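S.K.: I have a structure here, written as structure tokens, and I will follow up with some questions on it.
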Amino acid sequence: ITAPARCGGCGATPCGTSTPICSPSGATYQCVASCSASAPTLCGASTCANLSSDANHCGDCATVCAGGMTCQAGHCACPASTTACGPTCYATQSDPAHCGGSCTACPVPQNGVATCTAGVCGVTCTTGFGRCGGSCYATQTDPAHCGASCTACPTPPNGVAACNGGACAVACPTAPFVTACSGACVNTTNDTANCGGCIHGCQGGMCAASTCQPVTLGPFSAVPGGIAMDANFVYGAIPGGSNAGLVERCALSGCPSGAGVLASNQPQYMVSIAATSTGVYWTGLESAGGSAAGCTPASCANGVITYETSTAEQPYTIAADGTNVYYALLNNGGTFQGVQSCPIGGCSGGTPFNFYTGGEPFYMAAAAGFVYWADGLDPSSIKKCPSGGCSGNPATLATSPASDIYRYAVADSANVYWVDATSSVAYECPITGCPAGGPIVLGSSSVPLAVDATGVYWVTASSIVRCAIGGCGSTPTTVVPNITPNASAPFVLVSPTSIYWLSGSTLMTVAR
């Protein structure tokens, strides 16, 4: 009964190859396995196990290692690089559901996936989203989490916060505040700081229909015979009446109580005034003779510099640069006419320099090392001479038709501009000479001109117009409409930010 061929009795089934041994089992016999040295322990009838390493028979035949554990030295344990989280082993260095020593379930962000790296929870965002803390946001467009820094964009006045391409922006969806200016939504039709466009202030004036309205700066004591400006003031030369012989000034910021007196006791009929960064200069006539004088604004209270004073010679119009003053000189008897000059600090030896003798020079301009004037001698012409003089031989840039009279010459570094008072036409020519076809026609004008880097300006009966340098097809553009300029003093001045003119004796301005 112990023979494998008849294990347990004569009629028993022979033992097979998997259980080749017949062994007692209590009061009976049964076929059992033949165990090897690598699995020496028989568990049951047919299973041989190594109780030191068999996860299904760990330490004894009945213990099974579960949850991914292995049998190590007869005890269930997690394999290397894993950690027991309860009864189960997990890769806690990389498993986002069991991350780190505390087996944390990493939170799953919206628009992304949870990650576990080196046992620390993290976030990987879906393409198009960026990480802000532990969440994913559309950082290119989300105004609450904008850009790489996850900025909460500020809400602008009259608008809503916006994020465009990862940068905070301003959205202005609500009429009439539809224009974004300096971080706010504005109504450019009436905003005095952004009139007609961003950062276009009206300098104290109102904004109506996207256009800055004129501002009253203040009155002169009487209608000036000429006005000029520097960086701080507009100056007026007062002719005739009880205030004759005054040089007055109004600050560009305004003179609501009236222009202040800069100099007094000048000739009774103040004809012309010029201003530069170095000083203010003027001419005036008496019943016989007259004078040319000037001062720096800071020194006028201590007296003026007189360049010419005479009972016979009459200084008429004046121009200045940073070095000299130049003035047209008439003679009471008409026998001497020409141009004289003096350094701005005073004439050498007290005697003016005879810059040019001859012709009938009237309106003077100085620019870029040259002096220009409109000569009234028939035929009238535009003359040019270097600022050091030209020995009585000025260049002629333009000549009028017979009997026409040129006036109001102004110049810059490239061109000279003037008016034909007979035909009421404003002209322009390069300082090197007029083109073969003659002067460039700017438009209809018989009044003084002003020029800046881009255009030529003059007053009409109800507006101020501008023609681009180089011409405007004889059709200037209205830049200041619906005004009441002084027809007897149709002067206009321009600065980079403002335009100035006279209404009666009152100085007006408007933002450009």
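Residues are referred to by chain and number: the chain letter is A, B, ... according to the order shown in the structure tokens, the number counts from 1 in that chain, and ligands are numbered separately from 1 in the order shown.
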Skipping near chain neighbours, those fewer than 6 positions away, what residues fall within 10 Å of segment 143-154 of chain A using only C-alpha atoms, listed as a PyMOL selection string?
M.R.: chain A and resi 130-133+136-137+160-170+183
S.K.: Next, the residues of the selection above should be written as a short mmCIF file (atom, residue, chain, number, x, y, z; two decimals), in the first residue's frame with all heavy atoms.
M.R.:
```
data_model
loop_
_atom_site.label_atom_id
_atom_site.label_comp_id
_atom_site.auth_asym_id
_atom_site.auth_seq_id
_atom_site.Cartn_x
_atom_site.Cartn_y
_atom_site.Cartn_z
N GLY A 130 -1.78 77.38 -18.50
CA GLY A 130 -0.59 77.55 -17.69
C GLY A 130 -0.89 77.31 -16.22
O GLY A 130 -2.03 77.48 -15.76
N ARG A 131 0.14 76.90 -15.48
CA ARG A 131 -0.05 76.57 -14.08
C ARG A 131 -0.01 77.81 -13.22
O ARG A 131 0.90 78.63 -13.31
CB ARG A 131 1.03 75.60 -13.63
CG ARG A 131 0.91 75.21 -12.16
CD ARG A 131 1.95 74.20 -11.77
NE ARG A 131 1.92 73.89 -10.34
CZ ARG A 131 2.72 73.05 -9.73
NH1 ARG A 131 3.63 72.40 -10.45
NH2 ARG A 131 2.63 72.83 -8.44
N CYS A 132 -0.99 77.98 -12.38
CA CYS A 132 -1.04 79.03 -11.37
C CYS A 132 -1.34 78.35 -10.05
O CYS A 132 -2.48 77.92 -9.80
CB CYS A 132 -2.13 80.07 -11.69
SG CYS A 132 -1.88 80.95 -13.26
N GLY A 133 -0.31 78.18 -9.22
CA GLY A 133 -0.47 77.40 -8.00
C GLY A 133 -0.71 75.95 -8.37
O GLY A 133 0.03 75.36 -9.15
N CYS A 136 -4.76 74.95 -13.33
CA CYS A 136 -4.39 75.33 -14.69
C CYS A 136 -5.40 76.35 -15.22
O CYS A 136 -6.62 76.13 -15.10
CB CYS A 136 -4.36 74.10 -15.60
SG CYS A 136 -3.10 72.88 -15.15
N TYR A 137 -4.89 77.42 -15.82
CA TYR A 137 -5.75 78.47 -16.34
C TYR A 137 -5.28 78.85 -17.74
O TYR A 137 -4.12 78.63 -18.11
CB TYR A 137 -5.70 79.71 -15.44
CG TYR A 137 -6.22 79.47 -14.05
CD1 TYR A 137 -5.35 79.12 -13.02
CD2 TYR A 137 -7.57 79.59 -13.76
CE1 TYR A 137 -5.81 78.89 -11.73
CE2 TYR A 137 -8.05 79.37 -12.48
CZ TYR A 137 -7.17 79.02 -11.47
OH TYR A 137 -7.63 78.79 -10.20
N VAL A 160 -13.51 96.86 -18.59
CA VAL A 160 -13.32 95.55 -17.97
C VAL A 160 -11.88 95.12 -18.18
O VAL A 160 -11.22 95.52 -19.14
CB VAL A 160 -14.28 94.49 -18.55
CG1 VAL A 160 -15.72 94.85 -18.25
CG2 VAL A 160 -14.08 94.34 -20.06
N ALA A 161 -11.40 94.31 -17.24
CA ALA A 161 -10.04 93.79 -17.36
C ALA A 161 -9.98 92.80 -18.52
O ALA A 161 -10.95 92.11 -18.84
CB ALA A 161 -9.62 93.11 -16.06
N ALA A 162 -8.84 92.72 -19.14
CA ALA A 162 -8.65 91.80 -20.25
C ALA A 162 -7.21 91.29 -20.23
O ALA A 162 -6.31 91.92 -19.67
CB ALA A 162 -8.95 92.48 -21.58
N CYS A 163 -7.03 90.11 -20.84
CA CYS A 163 -5.70 89.52 -20.98
C CYS A 163 -5.54 89.13 -22.44
O CYS A 163 -6.28 88.28 -22.94
CB CYS A 163 -5.57 88.31 -20.06
SG CYS A 163 -3.98 87.43 -20.20
N ASN A 164 -4.60 89.74 -23.11
CA ASN A 164 -4.37 89.46 -24.52
C ASN A 164 -2.94 88.96 -24.72
O ASN A 164 -1.98 89.69 -24.44
CB ASN A 164 -4.58 90.72 -25.37
CG ASN A 164 -6.01 91.19 -25.37
OD1 ASN A 164 -6.92 90.39 -25.20
ND2 ASN A 164 -6.23 92.49 -25.56
N GLY A 165 -2.83 87.71 -25.16
CA GLY A 165 -1.51 87.15 -25.40
C GLY A 165 -0.64 87.08 -24.16
O GLY A 165 0.58 87.21 -24.24
N GLY A 166 -1.25 86.91 -22.99
CA GLY A 166 -0.50 86.81 -21.76
C GLY A 166 -0.12 88.14 -21.15
O GLY A 166 0.68 88.18 -20.21
N ALA A 167 -0.69 89.23 -21.65
CA ALA A 167 -0.41 90.56 -21.09
C ALA A 167 -1.73 91.23 -20.73
O ALA A 167 -2.69 91.16 -21.49
CB ALA A 167 0.37 91.41 -22.09
N CYS A 168 -1.74 91.89 -19.57
CA CYS A 168 -2.95 92.59 -19.15
C CYS A 168 -3.28 93.68 -20.16
O CYS A 168 -2.40 94.37 -20.68
CB CYS A 168 -2.77 93.19 -17.76
SG CYS A 168 -2.85 91.96 -16.44
N ALA A 169 -4.55 93.85 -20.41
CA ALA A 169 -5.02 94.85 -21.37
C ALA A 169 -6.31 95.45 -20.84
O ALA A 169 -6.79 95.11 -19.76
CB ALA A 169 -5.23 94.21 -22.75
N VAL A 170 -6.82 96.40 -21.60
CA VAL A 170 -8.05 97.08 -21.24
C VAL A 170 -9.09 96.80 -22.32
O VAL A 170 -8.82 96.97 -23.51
CB VAL A 170 -7.81 98.60 -21.11
CG1 VAL A 170 -9.12 99.33 -20.88
CG2 VAL A 170 -6.85 98.88 -19.97
N GLY A 183 -4.75 103.11 -19.56
CA GLY A 183 -5.33 102.20 -18.59
C GLY A 183 -6.76 102.48 -18.21
O GLY A 183 -7.28 101.89 -17.26
#
```
S.K.: Give me, as a list in words, all polymer residues having an atom no more than 10 Å from Val325 of chain A, counting only C-alpha atoms and skipping those fewer than 5 positions away in the same chain.
M.R.: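 The contact residues come out as Ala274, Val280, Tyr281, Trp282, Ala292, Ala293, Gly294, Tyr307, Ile318, Ala319, Ala320, Gln340, Ser341, Cys342, Pro343, Ile344, Gly345, Gly346, Cys347, Ala366 and Ser387 of chain A.
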S.K.: How many Å lie between atom CA of Cys125 of chain A and atom CA of Gln140 of chain A, rounded to one decimal?
M.R.: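 A separation of 13.3 Å between them.
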S.K.: Atom CA of Ala3 of chain A to atom CA of Asn50 of chain A: how many Å, to one decimal?
M.R.: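 Computing it gives 27.3 Å between the two atoms.
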S.K.: Please provide the set of residues having any atom within 8 Å of Met508 of chain A, restricted to only C-alpha atoms, with same-chain residues fewer than 6 positions apart removed, written as a PyMOL selection string.
M.R.: chain A and resi 214-218+500-502
S.K.: So that I have them on file, write out the residues from the current selection with all heavy atoms, as a PDB file, in the first residue's frame.
M.R.:
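Resulting contents of again.pdb:
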```pdb
ATOM      1  N   PRO A 214     -11.204 126.657 -27.950  1.00  0.00           N
ATOM      2  CA  PRO A 214     -10.259 127.719 -27.591  1.00  0.00           C
ATOM      3  C   PRO A 214     -10.331 128.104 -26.125  1.00  0.00           C
ATOM      4  O   PRO A 214     -11.361 127.971 -25.465  1.00  0.00           O
ATOM      5  CB  PRO A 214     -10.689 128.875 -28.502  1.00  0.00           C
ATOM      6  CG  PRO A 214     -11.356 128.222 -29.668  1.00  0.00           C
ATOM      7  CD  PRO A 214     -12.068 127.032 -29.079  1.00  0.00           C
ATOM      8  N   VAL A 215      -9.193 128.594 -25.644  1.00  0.00           N
ATOM      9  CA  VAL A 215      -9.059 129.041 -24.260  1.00  0.00           C
ATOM     10  C   VAL A 215      -8.620 130.505 -24.271  1.00  0.00           C
ATOM     11  O   VAL A 215      -7.739 130.885 -25.043  1.00  0.00           O
ATOM     12  CB  VAL A 215      -8.018 128.192 -23.508  1.00  0.00           C
ATOM     13  CG1 VAL A 215      -7.817 128.719 -22.091  1.00  0.00           C
ATOM     14  CG2 VAL A 215      -8.433 126.731 -23.489  1.00  0.00           C
ATOM     15  N   THR A 216      -9.224 131.310 -23.422  1.00  0.00           N
ATOM     16  CA  THR A 216      -8.813 132.699 -23.265  1.00  0.00           C
ATOM     17  C   THR A 216      -7.654 132.763 -22.275  1.00  0.00           C
ATOM     18  O   THR A 216      -7.797 132.359 -21.118  1.00  0.00           O
ATOM     19  CB  THR A 216      -9.972 133.561 -22.753  1.00  0.00           C
ATOM     20  OG1 THR A 216     -11.038 133.527 -23.715  1.00  0.00           O
ATOM     21  CG2 THR A 216      -9.528 135.000 -22.545  1.00  0.00           C
ATOM     22  N   LEU A 217      -6.497 133.245 -22.737  1.00  0.00           N
ATOM     23  CA  LEU A 217      -5.342 133.371 -21.845  1.00  0.00           C
ATOM     24  C   LEU A 217      -5.365 134.687 -21.083  1.00  0.00           C
ATOM     25  O   LEU A 217      -5.016 134.727 -19.905  1.00  0.00           O
ATOM     26  CB  LEU A 217      -4.049 133.247 -22.648  1.00  0.00           C
ATOM     27  CG  LEU A 217      -3.771 131.866 -23.250  1.00  0.00           C
ATOM     28  CD1 LEU A 217      -2.447 131.874 -23.992  1.00  0.00           C
ATOM     29  CD2 LEU A 217      -3.776 130.786 -22.179  1.00  0.00           C
ATOM     30  N   GLY A 218      -5.759 135.777 -21.749  1.00  0.00           N
ATOM     31  CA  GLY A 218      -5.822 137.060 -21.068  1.00  0.00           C
ATOM     32  C   GLY A 218      -5.613 138.203 -22.034  1.00  0.00           C
ATOM     33  O   GLY A 218      -5.137 138.019 -23.159  1.00  0.00           O
ATOM     34  N   TYR A 500      -1.739 130.080 -31.121  1.00  0.00           N
ATOM     35  CA  TYR A 500      -2.109 131.312 -30.436  1.00  0.00           C
ATOM     36  C   TYR A 500      -2.533 132.358 -31.463  1.00  0.00           C
ATOM     37  O   TYR A 500      -1.971 132.429 -32.565  1.00  0.00           O
ATOM     38  CB  TYR A 500      -0.924 131.851 -29.627  1.00  0.00           C
ATOM     39  CG  TYR A 500      -0.365 130.872 -28.628  1.00  0.00           C
ATOM     40  CD1 TYR A 500       0.599 129.931 -28.999  1.00  0.00           C
ATOM     41  CD2 TYR A 500      -0.799 130.871 -27.306  1.00  0.00           C
ATOM     42  CE1 TYR A 500       1.103 129.022 -28.086  1.00  0.00           C
ATOM     43  CE2 TYR A 500      -0.294 129.964 -26.388  1.00  0.00           C
ATOM     44  CZ  TYR A 500       0.655 129.044 -26.789  1.00  0.00           C
ATOM     45  OH  TYR A 500       1.149 128.139 -25.878  1.00  0.00           O
ATOM     46  N   TRP A 501      -3.484 133.220 -31.075  1.00  0.00           N
ATOM     47  CA  TRP A 501      -3.919 134.315 -31.932  1.00  0.00           C
ATOM     48  C   TRP A 501      -4.587 135.384 -31.062  1.00  0.00           C
ATOM     49  O   TRP A 501      -4.797 135.189 -29.869  1.00  0.00           O
ATOM     50  CB  TRP A 501      -4.857 133.829 -33.026  1.00  0.00           C
ATOM     51  CG  TRP A 501      -6.215 133.395 -32.542  1.00  0.00           C
ATOM     52  CD1 TRP A 501      -7.368 134.132 -32.524  1.00  0.00           C
ATOM     53  CD2 TRP A 501      -6.559 132.116 -31.996  1.00  0.00           C
ATOM     54  NE1 TRP A 501      -8.407 133.395 -32.000  1.00  0.00           N
ATOM     55  CE2 TRP A 501      -7.948 132.160 -31.681  1.00  0.00           C
ATOM     56  CE3 TRP A 501      -5.841 130.947 -31.743  1.00  0.00           C
ATOM     57  CZ2 TRP A 501      -8.606 131.064 -31.114  1.00  0.00           C
ATOM     58  CZ3 TRP A 501      -6.504 129.860 -31.181  1.00  0.00           C
ATOM     59  CH2 TRP A 501      -7.863 129.923 -30.877  1.00  0.00           C
ATOM     60  N   LEU A 502      -4.936 136.498 -31.690  1.00  0.00           N
ATOM     61  CA  LEU A 502      -5.595 137.591 -30.990  1.00  0.00           C
ATOM     62  C   LEU A 502      -7.058 137.663 -31.403  1.00  0.00           C
ATOM     63  O   LEU A 502      -7.394 137.592 -32.589  1.00  0.00           O
ATOM     64  CB  LEU A 502      -4.918 138.925 -31.302  1.00  0.00           C
ATOM     65  CG  LEU A 502      -3.511 139.122 -30.749  1.00  0.00           C
ATOM     66  CD1 LEU A 502      -2.898 140.396 -31.326  1.00  0.00           C
ATOM     67  CD2 LEU A 502      -3.532 139.194 -29.228  1.00  0.00           C
TER      68      LEU A 502
END
```
S.K.: Point out the residue among A:Asn232, A:Thr124, A:Ser446, A:Thr357 with the least atom-to-atom distance to Asp404 of chain A, counting only C-alpha atoms.
M.R.: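 Nearest candidate to Asp404 of chain A out of A:Asn232, A:Thr124, A:Ser446, A:Thr357: A:Ser446.
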S.K.: Considering only C-alpha atoms, can you say which of A:Val459, A:Val451, A:Ala5, A:Cys212 comes closest to Val510 of chain A?
M.R.: A:Cys212
S.K.: List the spatial neighbours of Pro87 of chain A as a list in words - criterion: any atom at most 10 Å away, only C-alpha atoms, same-chain residues fewer than 4 positions off excluded.
M.R.: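 Close residues of Pro87 of chain A: Cys65, Ala66, Gly67, Gly68, Met69, Ala77, Cys78 and Thr83 of chain A.
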S.K.: Excluding same-chain residues fewer than 2 positions from Gln72 of chain A, what lies within 6 Å of it counting only C-alpha atoms, as JSON, numbers by chain?
M.R.: {"A": [53, 74, 75]}
S.K.: Name the closest residue to Lys384 of chain A among the candidates A:Gly16, A:Pro219, A:Gly44, A:Pro361; distances are taken between atoms, counting only C-alpha atoms.
M.R.: A:Pro361
S.K.: Can you work out the spacing between atom CA of Asn354 of chain A and atom CA of Ser272 of chain A in Å, to one decimal?
M.R.: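 Computing it gives 19.6 Å between the two atoms.
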S.K.: A:Gly100, A:Gly119, A:Gly254, A:Gly376: which is nearest Ile405 of chain A, counting only C-alpha atoms?
M.R.: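 Counting only C-alpha atoms, the residue closest to Ile405 of chain A is A:Gly376.
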